[in-house]
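Reviewing the structure listed below.
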Amino acid sequence: MRTLLSSLSMPLRILPISIPLSQLSIRQLKIFALLSLLTLAFRAHGAEGISYARLRVDSDPPGAEVVIVAELGKTPLVNEFVVPGMYRIELRREGGYLTASEELTLRADQQAVVSQRLKKPPLFPPRRQIQAALGAGAITCFAYAVYEQGEHNTFRQKYNFAKSEDGETAAGYFESTKDTALRRTLALVGAGILSVALQVTIFIW
């Protein structure tokens, strides 16, 4: 029975979207047969048939799954038996592409064309960019703190050498040791703050 029905070319005019009979299960085929009998009985009492809309869907790259109520097939796709109305069409493609969607109104005896360029997510989304900036800032602050520590040690050695010979020069070296110690501390604090912010974006954001 299923082989016989799958060979028929007429669309499922009961459903909003025409689906090949070969894709239906035995249970769905029975339901379709019942609905078909009800439709014939309804039309026998003078009811008018449905005027369908024609839909064409393209994507770049092609091969995307077209989904409205169910998966209709892959792009490029043409369906001439869509019940008029408002629809949300989704295009899904493997390979890391983002799902594209479009809402449109289909009118009877008219053709609607949907064409979408599928995109992949950016390599560095905004969150990753912020994380990279925080990490780079923390490393820079820590490296600067190491540099200032070296300068601090140098001025301290000069101060110890000069304090017994030239008090004025020694005083200048001593001030330099305080300045380098302050900059080192500020750099370490900055590195700590940026590191904490980086951890927050990784584990919470």
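Just remember, in the structure tokens the first chain shown is A, the second B, etc., residues are 1-based per chain, and ligands are 1-based in the order shown.
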Inset, instruction - Find the residues near Phe174 (chain A): any atom within 12 Å, counting only C-alpha atoms, skip ones fewer than 6 places away on the same chain, and give them as number ranges by chain. - result: A: 151-163, 167-168, 180-181
So which residues touch region 62-69 of chain A within 10 Å, counting only C-alpha atoms, skipping near sequence neighbours fewer than 2 positions away, as a tab-separated table (two decimals) with C-alpha atoms, in the first residue's frame?
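Wrote it out as result.tsv, contents follow:
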chain	number	residue	atom	x	y	z
A	16	PRO	CA	-0.23	23.39	5.19
A	17	ILE	CA	2.85	22.07	3.43
A	57	VAL	CA	13.92	29.06	-0.95
A	58	ASP	CA	17.60	29.56	-1.79
A	59	SER	CA	20.66	29.80	0.41
A	60	ASP	CA	24.33	30.61	0.05
A	71	GLU	CA	11.75	19.76	7.41
A	72	LEU	CA	10.74	20.25	3.79
A	73	GLY	CA	14.04	19.48	2.12
A	74	LYS	CA	17.28	21.23	1.25
A	75	THR	CA	17.94	24.39	-0.69
A	76	PRO	CA	17.42	25.19	-3.48
A	77	LEU	CA	13.81	24.21	-2.80
A	87	TYR	CA	5.12	31.66	8.32
A	88	ARG	CA	8.50	31.68	10.00
A	89	ILE	CA	11.04	29.93	7.79
A	90	GLU	CA	14.32	28.65	9.22
A	91	LEU	CA	17.41	27.56	7.31
A	92	ARG	CA	19.74	25.17	9.12
A	93	ARG	CA	23.03	23.91	7.76
A	94	GLU	CA	25.78	21.79	9.21
A	97	TYR	CA	26.67	27.89	10.19
A	99	THR	CA	20.52	29.33	11.75
A	100	ALA	CA	18.90	31.96	9.52
A	101	SER	CA	15.21	32.79	9.79
A	116	GLN	CA	19.54	33.91	2.73
A	117	ARG	CA	23.32	34.12	3.00
A	118	LEU	CA	24.27	31.79	5.83
Inset, instruction - Provide the CA of Leu182 (chain A) to CA of Ala138 (chain A) distance in Å, to one decimal place. - result: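 CA of Leu182 (chain A) sits 17.6 Å away from CA of Ala138 (chain A).
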Inset, instruction - For CA of Glu175 (chain A) and CA of Ala187 (chain A), determine how far apart the two atoms are, in Å to one decimal place. - result: 18.5 Å
Legend entry - Nearby residues (only C-alpha atoms) at most 9 Å from Arg56 (chain A), same-chain spacing under 4 positions excluded, as a ChimeraX atom specification: /A:75-80,111-115
Give me, as a JSON list (two decimals) with C-alpha atoms, in the first residue's frame, all polymer residues having an atom no more than 12 Å from Val196 (chain A), counting only C-alpha atoms and skipping those fewer than 5 positions away in the same chain.
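What ended up in selection_20.json:
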[["chain", "number", "residue", "atom", "x", "y", "z"],
["A", 131, "GLN", "CA", 38.59, 38.18, 27.87],
["A", 134, "LEU", "CA", 41.68, 41.51, 30.26],
["A", 135, "GLY", "CA", 44.28, 38.75, 29.98],
["A", 137, "GLY", "CA", 46.17, 43.77, 30.49],
["A", 138, "ALA", "CA", 46.91, 41.51, 33.46],
["A", 189, "VAL", "CA", 47.18, 45.70, 42.13],
["A", 190, "GLY", "CA", 46.15, 46.33, 38.52],
["A", 191, "ALA", "CA", 47.28, 42.84, 37.51],
["A", 201, "THR", "CA", 34.06, 36.48, 32.60],
["A", 202, "ILE", "CA", 35.22, 32.87, 32.21],
["A", 203, "PHE", "CA", 33.20, 31.22, 34.97],
["A", 204, "ILE", "CA", 30.18, 33.51, 35.37]]
Inset, instruction - Mind giving me the straight-line distance from CA of Glu165 (chain A) to CA of Gly150 (chain A) in Å, one decimal? - result: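 These atoms are spaced 23.7 Å apart.
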